[in-house]
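Below: one structure, written as structure tokens.
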2 protein chains.
Amino acid sequence: MGKVIDFQTDPSKYRHWKVEYDGPVARLSMDVDEKGGLFEGYELKLNSYDLGVDIELADIVQRMRFEHPEVKVVVMQSAKDKVFCAGANIRMLGGAEHAHKVNFCKFTNETRNTYEAALADSGQNYICAIRGACAGGGYELALACNHLMLTDDSTSSVALPEVPLLAVLPGTGGLTRVTDKRKVRRDLADVFCAIEEGVKGKRAVEWRLVDEVIPNSKFDDVVAERAAELAESSDKPDVEKGIELKPLDRTFAEDGVNYSSVEVALHREGRRATITIKGPEGDAPADMDAFVAEGADNWILRCARELDDAILHLRNNEKELGLIEFQTQGDPERVIAHEALLLKNREHWLANEVLQYWKRVLKRVDMTSRSLVAIVEHGSCFAGPLAELLWAADRSYMMLEEFDGDNRHLATVTLSDGNFGSYPMGNDLTRLETRFLGTPEQVETLKDSIGDALEADEAEKLGLVTYAYDDIDWEDEVRLFMEERASFSPDAMTGMEANLRFAGPETMETRIFGRLTAWQNWIFQRPNAVGEEGALQRYGTGVRGKYDMERV
Amino acid sequence: MGKVIDFQTDPSKYRHWKVEYDGPVARLSMDVDEKGGLFEGYELKLNSYDLGVDIELADIVQRMRFEHPEVKVVVMQSAKDKVFCAGANIRMLGGAEHAHKVNFCKFTNETRNTYEAALADSGQNYICAIRGACAGGGYELALACNHLMLTDDSTSSVALPEVPLLAVLPGTGGLTRVTDKRKVRRDLADVFCAIEEGVKGKRAVEWRLVDEVIPNSKFDDVVAERAAELAESSDKPDVEKGIELKPLDRTFAEDGVNYSSVEVALHREGRRATITIKGPEGDAPADMDAFVAEGADNWILRCARELDDAILHLRNNEKELGLIEFQTQGDPERVIAHEALLLKNREHWLANEVLQYWKRVLKRVDMTSRSLVAIVEHGSCFAGPLAELLWAADRSYMMLEEFDGDNRHLATVTLSDGNFGSYPMGNDLTRLETRFLGTPEQVETLKDSIGDALEADEAEKLGLVTYAYDDIDWEDEVRLFMEERASFSPDAMTGMEANLRFAGPETMETRIFGRLTAWQNWIFQRPNAVGEEGALQRYGTGVRGKYDMERV
């Protein structure tokens, strides 16, 4: 699987999903093209999916918010007879390397979280109309919707058959949403996860697996009715027209990727990538009308899209680069001004969407299995949303005082109101609250510094950066850190970072990534699943997996 | 590592720890016997430990509460020069099978949790006096204490060198306690975990890694002073004399283990073990004086000790028995009466200790990586603490109405006040609250049934058991379940159960077992740690681990 995976797509290229827009209601139909697999060697039968199918879904969910703000209810359904979705394609999973399995699950989880949160974030409510078999990853697609409707007939059921069939977990949030969102009684959940054929009809409602079950003859009508009711009762303000998410301005080169406001430089010998974000070159739009007119060309939206794509590219296509270094260059005041327009107009649909998107991009950074370091050089603009990268990173290094021959403006960090609530992490705390869990009063103190361009000595004293070094020590210290990091075991780094980054409370989201995913990754290493005689390898051969029966 | 591991010990057998009792203060000195490893092939140098060392520690912690209730402060320290503790023995870990690594970490984690909670549960406060190197598992021993004192000299430091040295995690709670208990700033935690030689002196206090640092010359005095102060200010009531935890009445046989009130039957062909708990044969003691006089002979304490030992035996010595079946036989009213004496006298030190111990034993059941089923037959006594097993189990089956030729009393379930708060799970909810997370009003409704002997139809209706079957279906249904369970992949079961059992909120405890442990187990499968060229295998050879540098 050496091919480059591209996370950019648009409606003209979709092969697996169809969307019909009808005022406040959109119908999102899964209609996977069997021959449209991202890789060779498998067919996407029965609406089973691979990463390519999910990349389209993520694109749809994203465009729904920016291009179709008139939509208040999205009905997820299948365009195939007899099957809603058979889940992740097993031949694809069986043939995939461990790292691809892990990254595939991570991206699908992020997509599920995104449309699950669309109601709270943007007033777009995803409901699921299930006709036919809805199994494994198919039911996990449904579980991330907020209202589940199941056809009451002999072929329609929901199931999580991973454990009995494949010896792996329902790892795209399935187990966690069953216990924590659907709040299924744990012994019933145990029974449910052991039944290959799943649960149908009234029992699915009694066990809280779906919200309602409807006779086949009335199904379409009731679904339409429910969608109309939810659209009617929605408190999402009416918005007539969205903005177009135009294709990214992006160029791939041997040693990096260039976007309009983001530059990715690959240092393969040092096993590291540098992401440099360029601050805005122009002033912030005068008001939200001007912002809407700029649309996807606006710096703060463009930058989020480019950073998002860069992170996904590195995660999936540059696995040997274990360290991502964040740099910024530009005018911090302008960054603050661009963000301030949005913060001042939070009630405006587009201001809200851009802030919510920054929240999601920063969460994607948090969840990235790479060591992350922020390098605060002179000339940089770690301010507002870009300052969040300082605390998303595992550590940060900042230039202290003037450097010989460097005439860029002195390195500073600038806090904004946005840093105190607009970009919460998966644990529902801000990055500053997570950082100062032991000294919460420090978060209050920091509010006094909002808007100040804090130089290195002050930023260090306030705990905003890890280290500040002057011209004499800078180069050695940064180089030593990078060399050290590149020498550590990538797996130990992954495990350590997954623990150190998420102090404090847990949410369903952090449980999915921290607990469920960790166990799934463990199982994805176990011979009972992935060995030659393991269930995942043998699936479809007619021979059951052969298990070492020892418990750990 | 085929030898049977025995979790029973007593002070006459200790080889690795010394305890000196001095009124309200006990000094617990680690003095590991290099030649005293539980297995062949390694020496326990530098106060490094293996499971045998931890079994002694767990025994000490347990006896401290029952035999030495006069103790209010425990000072953990090292009896060796220059070293506090070097952590888990690496050669032992390197040579151990995956399952032993996992079970070793689980037991050490349970022991850490036990003395960490001793202050809240029993008023016994563990503090740690660190002189010399305190590294890896050594620092994790310290982290579970409530007050950490570090000598300020050139050889005394705290460190978590697992990542750089061994390519594994500080998996005995280390990472979690650094972020969630000590609340170390995450970038400092990242730095700390990358420094092989650790942190000493003032910086250790500034980074919140220890509570105080004290010059070597004054160290012993200040430690003694601090212990005296904490004992003085303790609100633990004075108790003059404890009760002796006499050796268990236990007999091993080929097909099981027999205790006085617990019987373990091994069904190897079915890969299952049956634990049958026998209810009390006599009446409950008249009052707590009578209870103290009975001491360790009392049924409710004896039963907890025997069940605890049985679980540990099965976990560590019978790994191929993937299903544990809980049965009880006896008079439910007597079980309720025995528990009622304790509930009525919660303020009595021994009543409290026995209730707290049942809480811990039941948590041990929750954390057991085996499928658990409760089989509620006629003649059984699932009442009060024993009823908790119904909800600790993954499912339960209950006999409905009379069975042909079975003249035992009808199967019943009896709730007590204890089920509503005395035995919280690791997530700090009761098992009933966790079970009815989606219908919390049901927990309130159940309070109306306290004391009623609920027959199967009612117990099923109230959601207390999964299935009730009559004489016609019983045998087939139970057999089918057991056969099915025995056919599933043990790893998939482990992962599934670790997710389904712990719905709802997370605590530091559940995070240690659910997040940290899962990542550690994953790393314990990765070639970078455990492969021939992995760091854990190469440790001590002078050659560094060789890593596949791909991130997942």
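Naming works like this for the structure tokens: A, B, ... for the chains as they're shown, residue 1 at the start of each chain, ligands 1 onward in shown order.
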Closest contacts (chain B/chain A, max 7 Å, only C-alpha atoms) as JSON lines:
```
{"residue": "B:Ala99", "atom": "CA", "partner": "A:Val552", "partner_atom": "CA", "distance": 4.2}
{"residue": "B:Val102", "atom": "CA", "partner": "A:Val552", "partner_atom": "CA", "distance": 6.3}
{"residue": "B:Asn103", "atom": "CA", "partner": "A:Val552", "partner_atom": "CA", "distance": 6.7}
{"residue": "B:Val163", "atom": "CA", "partner": "A:Ala492", "partner_atom": "CA", "distance": 5.8}
{"residue": "B:Pro164", "atom": "CA", "partner": "A:Phe488", "partner_atom": "CA", "distance": 6.0}
{"residue": "B:Ala167", "atom": "CA", "partner": "A:Ala492", "partner_atom": "CA", "distance": 5.1}
{"residue": "B:Val168", "atom": "CA", "partner": "A:Ala492", "partner_atom": "CA", "distance": 5.3}
{"residue": "B:Leu169", "atom": "CA", "partner": "A:Ala492", "partner_atom": "CA", "distance": 6.3}
{"residue": "B:Leu175", "atom": "CA", "partner": "A:Asn499", "partner_atom": "CA", "distance": 6.5}
{"residue": "B:Thr176", "atom": "CA", "partner": "A:Asn499", "partner_atom": "CA", "distance": 6.8}
{"residue": "B:Thr179", "atom": "CA", "partner": "A:Ala503", "partner_atom": "CA", "distance": 5.4}
{"residue": "B:Asp180", "atom": "CA", "partner": "A:Ala503", "partner_atom": "CA", "distance": 5.8}
{"residue": "B:Lys183", "atom": "CA", "partner": "A:Gly438", "partner_atom": "CA", "distance": 4.7}
{"residue": "B:Val184", "atom": "CA", "partner": "A:Gly438", "partner_atom": "CA", "distance": 6.7}
{"residue": "B:Arg185", "atom": "CA", "partner": "A:Arg435", "partner_atom": "CA", "distance": 5.4}
{"residue": "B:Arg186", "atom": "CA", "partner": "A:Arg435", "partner_atom": "CA", "distance": 6.0}
{"residue": "B:Asp187", "atom": "CA", "partner": "A:Arg395", "partner_atom": "CA", "distance": 4.8}
{"residue": "B:Asp190", "atom": "CA", "partner": "A:Asp394", "partner_atom": "CA", "distance": 6.4}
{"residue": "B:Lys319", "atom": "CA", "partner": "A:Arg551", "partner_atom": "CA", "distance": 5.1}
{"residue": "B:Glu320", "atom": "CA", "partner": "A:Glu550", "partner_atom": "CA", "distance": 4.5}
{"residue": "B:Gly322", "atom": "CA", "partner": "A:Arg551", "partner_atom": "CA", "distance": 6.3}
{"residue": "B:Ser369", "atom": "CA", "partner": "A:Val552", "partner_atom": "CA", "distance": 6.8}
{"residue": "B:Asp394", "atom": "CA", "partner": "A:Asp187", "partner_atom": "CA", "distance": 5.4}
{"residue": "B:Arg395", "atom": "CA", "partner": "A:Asp187", "partner_atom": "CA", "distance": 4.8}
{"residue": "B:Arg435", "atom": "CA", "partner": "A:Arg185", "partner_atom": "CA", "distance": 5.4}
{"residue": "B:Phe436", "atom": "CA", "partner": "A:Arg185", "partner_atom": "CA", "distance": 6.2}
{"residue": "B:Leu437", "atom": "CA", "partner": "A:Lys183", "partner_atom": "CA", "distance": 5.9}
{"residue": "B:Gly438", "atom": "CA", "partner": "A:Lys183", "partner_atom": "CA", "distance": 4.7}
{"residue": "B:Thr466", "atom": "CA", "partner": "A:Asp187", "partner_atom": "CA", "distance": 6.3}
{"residue": "B:Phe488", "atom": "CA", "partner": "A:Pro164", "partner_atom": "CA", "distance": 6.0}
{"residue": "B:Ser489", "atom": "CA", "partner": "A:Ala167", "partner_atom": "CA", "distance": 5.5}
{"residue": "B:Pro490", "atom": "CA", "partner": "A:Arg551", "partner_atom": "CA", "distance": 5.6}
{"residue": "B:Asp491", "atom": "CA", "partner": "A:Ile523", "partner_atom": "CA", "distance": 6.4}
{"residue": "B:Ala492", "atom": "CA", "partner": "A:Ala167", "partner_atom": "CA", "distance": 5.1}
{"residue": "B:Gly495", "atom": "CA", "partner": "A:Trp519", "partner_atom": "CA", "distance": 5.4}
{"residue": "B:Met496", "atom": "CA", "partner": "A:Leu169", "partner_atom": "CA", "distance": 6.5}
{"residue": "B:Asn499", "atom": "CA", "partner": "A:Leu175", "partner_atom": "CA", "distance": 6.5}
{"residue": "B:Leu500", "atom": "CA", "partner": "A:Arg186", "partner_atom": "CA", "distance": 6.2}
{"residue": "B:Arg501", "atom": "CA", "partner": "A:Arg186", "partner_atom": "CA", "distance": 6.7}
{"residue": "B:Ala503", "atom": "CA", "partner": "A:Thr179", "partner_atom": "CA", "distance": 5.4}
{"residue": "B:Gly504", "atom": "CA", "partner": "A:Asp180", "partner_atom": "CA", "distance": 6.0}
{"residue": "B:Glu506", "atom": "CA", "partner": "A:Glu506", "partner_atom": "CA", "distance": 6.1}
{"residue": "B:Gly514", "atom": "CA", "partner": "A:Arg515", "partner_atom": "CA", "distance": 5.5}
{"residue": "B:Arg515", "atom": "CA", "partner": "A:Arg515", "partner_atom": "CA", "distance": 4.7}
{"residue": "B:Leu516", "atom": "CA", "partner": "A:Asn499", "partner_atom": "CA", "distance": 6.5}
{"residue": "B:Ala518", "atom": "CA", "partner": "A:Trp519", "partner_atom": "CA", "distance": 5.4}
{"residue": "B:Trp519", "atom": "CA", "partner": "A:Ala518", "partner_atom": "CA", "distance": 5.4}
{"residue": "B:Gln520", "atom": "CA", "partner": "A:Gly495", "partner_atom": "CA", "distance": 7.0}
{"residue": "B:Asn521", "atom": "CA", "partner": "A:Trp522", "partner_atom": "CA", "distance": 6.5}
{"residue": "B:Trp522", "atom": "CA", "partner": "A:Trp522", "partner_atom": "CA", "distance": 4.3}
{"residue": "B:Ile523", "atom": "CA", "partner": "A:Asp491", "partner_atom": "CA", "distance": 6.4}
{"residue": "B:Gln525", "atom": "CA", "partner": "A:Gln525", "partner_atom": "CA", "distance": 6.6}
{"residue": "B:Asn528", "atom": "CA", "partner": "A:Ser489", "partner_atom": "CA", "distance": 6.4}
{"residue": "B:Tyr547", "atom": "CA", "partner": "A:Ser489", "partner_atom": "CA", "distance": 6.0}
{"residue": "B:Met549", "atom": "CA", "partner": "A:Glu320", "partner_atom": "CA", "distance": 5.6}
{"residue": "B:Glu550", "atom": "CA", "partner": "A:Glu320", "partner_atom": "CA", "distance": 4.4}
{"residue": "B:Arg551", "atom": "CA", "partner": "A:Lys319", "partner_atom": "CA", "distance": 5.1}
{"residue": "B:Val552", "atom": "CA", "partner": "A:Ala99", "partner_atom": "CA", "distance": 4.2}
```
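Omitting Ala253 of chain B and its sequence neighbours fewer than 3 positions away, and counting only C-alpha atoms, the residues within 12 Å are Arg250, Gly256, Val257, Asn258, Tyr259, Glu263, Val264, Ala265 and Leu266 of chain B.
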Restricting the output to N, CA, C and O atoms, write the selected residues as a tab-separated table (two decimals), in the first residue's frame.
```tsv
chain	number	residue	atom	x	y	z
B	250	ARG	N	-6.90	-24.04	52.82
B	250	ARG	CA	-6.88	-24.20	51.36
B	250	ARG	C	-6.22	-25.50	50.95
B	250	ARG	O	-5.17	-25.86	51.48
B	256	GLY	N	-9.08	-28.74	41.01
B	256	GLY	CA	-9.64	-27.58	41.68
B	256	GLY	C	-8.90	-27.17	42.93
B	256	GLY	O	-7.82	-27.66	43.24
B	257	VAL	N	-9.51	-26.24	43.63
B	257	VAL	CA	-8.96	-25.75	44.89
B	257	VAL	C	-10.12	-25.68	45.88
B	257	VAL	O	-11.21	-25.20	45.53
B	258	ASN	N	-9.90	-26.17	47.08
B	258	ASN	CA	-10.94	-26.10	48.10
B	258	ASN	C	-10.55	-25.20	49.24
B	258	ASN	O	-9.48	-25.34	49.81
B	259	TYR	N	-11.43	-24.27	49.53
B	259	TYR	CA	-11.28	-23.41	50.70
B	259	TYR	C	-12.45	-23.72	51.64
B	259	TYR	O	-13.37	-24.46	51.28
B	263	GLU	N	-15.19	-22.90	46.67
B	263	GLU	CA	-14.74	-24.11	46.00
B	263	GLU	C	-14.48	-23.76	44.54
B	263	GLU	O	-15.35	-23.17	43.89
B	264	VAL	N	-13.30	-24.10	44.07
B	264	VAL	CA	-12.97	-23.83	42.67
B	264	VAL	C	-12.89	-25.16	41.94
B	264	VAL	O	-12.08	-26.02	42.31
B	265	ALA	N	-13.73	-25.34	40.94
B	265	ALA	CA	-13.69	-26.57	40.14
B	265	ALA	C	-13.21	-26.23	38.74
B	265	ALA	O	-13.72	-25.32	38.10
B	266	LEU	N	-12.21	-26.95	38.28
B	266	LEU	CA	-11.64	-26.68	36.96
B	266	LEU	C	-12.22	-27.65	35.95
B	266	LEU	O	-12.18	-28.88	36.15
```
Would you mind writing down, as a PDB file with all heavy atoms, in the first residue's frame, each residue of segment 70-117 of chain A that DSSP on the backbone assigns to strand (DSSP E or B)?
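For reference, out18.pdb as written:
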```
ATOM      1  N   VAL A  73     -31.292  18.960   8.871  1.00  0.00           N
ATOM      2  CA  VAL A  73     -31.374  17.524   9.160  1.00  0.00           C
ATOM      3  C   VAL A  73     -30.755  16.750   7.996  1.00  0.00           C
ATOM      4  O   VAL A  73     -31.035  17.041   6.832  1.00  0.00           O
ATOM      5  CB  VAL A  73     -32.838  17.079   9.346  1.00  0.00           C
ATOM      6  CG1 VAL A  73     -32.917  15.562   9.531  1.00  0.00           C
ATOM      7  CG2 VAL A  73     -33.469  17.787  10.540  1.00  0.00           C
ATOM      8  N   VAL A  74     -29.899  15.799   8.345  1.00  0.00           N
ATOM      9  CA  VAL A  74     -29.302  14.936   7.327  1.00  0.00           C
ATOM     10  C   VAL A  74     -29.781  13.506   7.600  1.00  0.00           C
ATOM     11  O   VAL A  74     -29.618  13.003   8.712  1.00  0.00           O
ATOM     12  CB  VAL A  74     -27.761  14.988   7.384  1.00  0.00           C
ATOM     13  CG1 VAL A  74     -27.169  14.121   6.268  1.00  0.00           C
ATOM     14  CG2 VAL A  74     -27.267  16.417   7.282  1.00  0.00           C
ATOM     15  N   VAL A  75     -30.386  12.898   6.588  1.00  0.00           N
ATOM     16  CA  VAL A  75     -30.833  11.507   6.728  1.00  0.00           C
ATOM     17  C   VAL A  75     -29.797  10.609   6.083  1.00  0.00           C
ATOM     18  O   VAL A  75     -29.603  10.647   4.864  1.00  0.00           O
ATOM     19  CB  VAL A  75     -32.204  11.287   6.054  1.00  0.00           C
ATOM     20  CG1 VAL A  75     -32.648   9.840   6.249  1.00  0.00           C
ATOM     21  CG2 VAL A  75     -33.244  12.254   6.599  1.00  0.00           C
ATOM     22  N   MET A  76     -29.127   9.814   6.887  1.00  0.00           N
ATOM     23  CA  MET A  76     -28.162   8.863   6.345  1.00  0.00           C
ATOM     24  C   MET A  76     -28.899   7.574   6.019  1.00  0.00           C
ATOM     25  O   MET A  76     -29.640   7.051   6.854  1.00  0.00           O
ATOM     26  CB  MET A  76     -27.056   8.605   7.370  1.00  0.00           C
ATOM     27  CG  MET A  76     -25.894   7.794   6.821  1.00  0.00           C
ATOM     28  SD  MET A  76     -24.626   7.470   8.065  1.00  0.00           S
ATOM     29  CE  MET A  76     -23.792   9.043   8.145  1.00  0.00           C
ATOM     30  N   GLN A  77     -28.711   7.077   4.814  1.00  0.00           N
ATOM     31  CA  GLN A  77     -29.432   5.871   4.399  1.00  0.00           C
ATOM     32  C   GLN A  77     -28.593   5.112   3.385  1.00  0.00           C
ATOM     33  O   GLN A  77     -27.512   5.543   3.000  1.00  0.00           O
ATOM     34  CB  GLN A  77     -30.782   6.269   3.805  1.00  0.00           C
ATOM     35  CG  GLN A  77     -30.631   7.194   2.599  1.00  0.00           C
ATOM     36  CD  GLN A  77     -31.965   7.793   2.139  1.00  0.00           C
ATOM     37  OE1 GLN A  77     -32.908   7.937   2.913  1.00  0.00           O
ATOM     38  NE2 GLN A  77     -32.029   8.128   0.860  1.00  0.00           N
ATOM     39  N   SER A  78     -29.117   3.968   2.961  1.00  0.00           N
ATOM     40  CA  SER A  78     -28.425   3.172   1.964  1.00  0.00           C
ATOM     41  C   SER A  78     -29.194   3.233   0.655  1.00  0.00           C
ATOM     42  O   SER A  78     -30.420   3.244   0.646  1.00  0.00           O
ATOM     43  CB  SER A  78     -28.329   1.724   2.431  1.00  0.00           C
ATOM     44  OG  SER A  78     -27.982   0.882   1.352  1.00  0.00           O
ATOM     45  N   VAL A  83     -29.319  -4.180   2.098  1.00  0.00           N
ATOM     46  CA  VAL A  83     -28.183  -3.948   2.983  1.00  0.00           C
ATOM     47  C   VAL A  83     -28.021  -2.457   3.241  1.00  0.00           C
ATOM     48  O   VAL A  83     -28.105  -1.644   2.319  1.00  0.00           O
ATOM     49  CB  VAL A  83     -26.881  -4.556   2.412  1.00  0.00           C
ATOM     50  CG1 VAL A  83     -26.476  -3.883   1.093  1.00  0.00           C
ATOM     51  CG2 VAL A  83     -25.742  -4.472   3.415  1.00  0.00           C
ATOM     52  N   PHE A  84     -27.855  -2.148   4.510  1.00  0.00           N
ATOM     53  CA  PHE A  84     -27.522  -0.763   4.842  1.00  0.00           C
ATOM     54  C   PHE A  84     -26.014  -0.595   4.638  1.00  0.00           C
ATOM     55  O   PHE A  84     -25.574   0.140   3.768  1.00  0.00           O
ATOM     56  CB  PHE A  84     -27.942  -0.463   6.283  1.00  0.00           C
ATOM     57  CG  PHE A  84     -27.554   0.918   6.727  1.00  0.00           C
ATOM     58  CD1 PHE A  84     -28.360   2.006   6.408  1.00  0.00           C
ATOM     59  CD2 PHE A  84     -26.396   1.145   7.450  1.00  0.00           C
ATOM     60  CE1 PHE A  84     -27.988   3.296   6.798  1.00  0.00           C
ATOM     61  CE2 PHE A  84     -26.023   2.422   7.843  1.00  0.00           C
ATOM     62  CZ  PHE A  84     -26.817   3.496   7.520  1.00  0.00           C
ATOM     63  N   CYS A  85     -25.233  -1.335   5.406  1.00  0.00           N
ATOM     64  CA  CYS A  85     -23.777  -1.282   5.246  1.00  0.00           C
ATOM     65  C   CYS A  85     -23.180  -2.456   6.000  1.00  0.00           C
ATOM     66  O   CYS A  85     -23.539  -2.722   7.144  1.00  0.00           O
ATOM     67  CB  CYS A  85     -23.221   0.035   5.778  1.00  0.00           C
ATOM     68  SG  CYS A  85     -21.422   0.051   6.005  1.00  0.00           S
ATOM     69  N   GLY A  87     -20.097  -2.729   6.868  1.00  0.00           N
ATOM     70  CA  GLY A  87     -18.958  -2.351   7.709  1.00  0.00           C
ATOM     71  C   GLY A  87     -17.680  -2.205   6.916  1.00  0.00           C
ATOM     72  O   GLY A  87     -17.687  -2.184   5.682  1.00  0.00           O
ATOM     73  N   ALA A  88     -16.576  -2.094   7.624  1.00  0.00           N
ATOM     74  CA  ALA A  88     -15.277  -1.965   6.958  1.00  0.00           C
ATOM     75  C   ALA A  88     -15.015  -3.220   6.139  1.00  0.00           C
ATOM     76  O   ALA A  88     -15.375  -4.328   6.547  1.00  0.00           O
ATOM     77  CB  ALA A  88     -14.181  -1.761   8.000  1.00  0.00           C
TER      78      ALA A  88
END
```
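Among B:Glu269, B:Leu462, B:Val4, B:Ala310, the residue with the shortest atom-to-atom distance to Glu441 of chain B, counting only C-alpha atoms, is B:Leu462.
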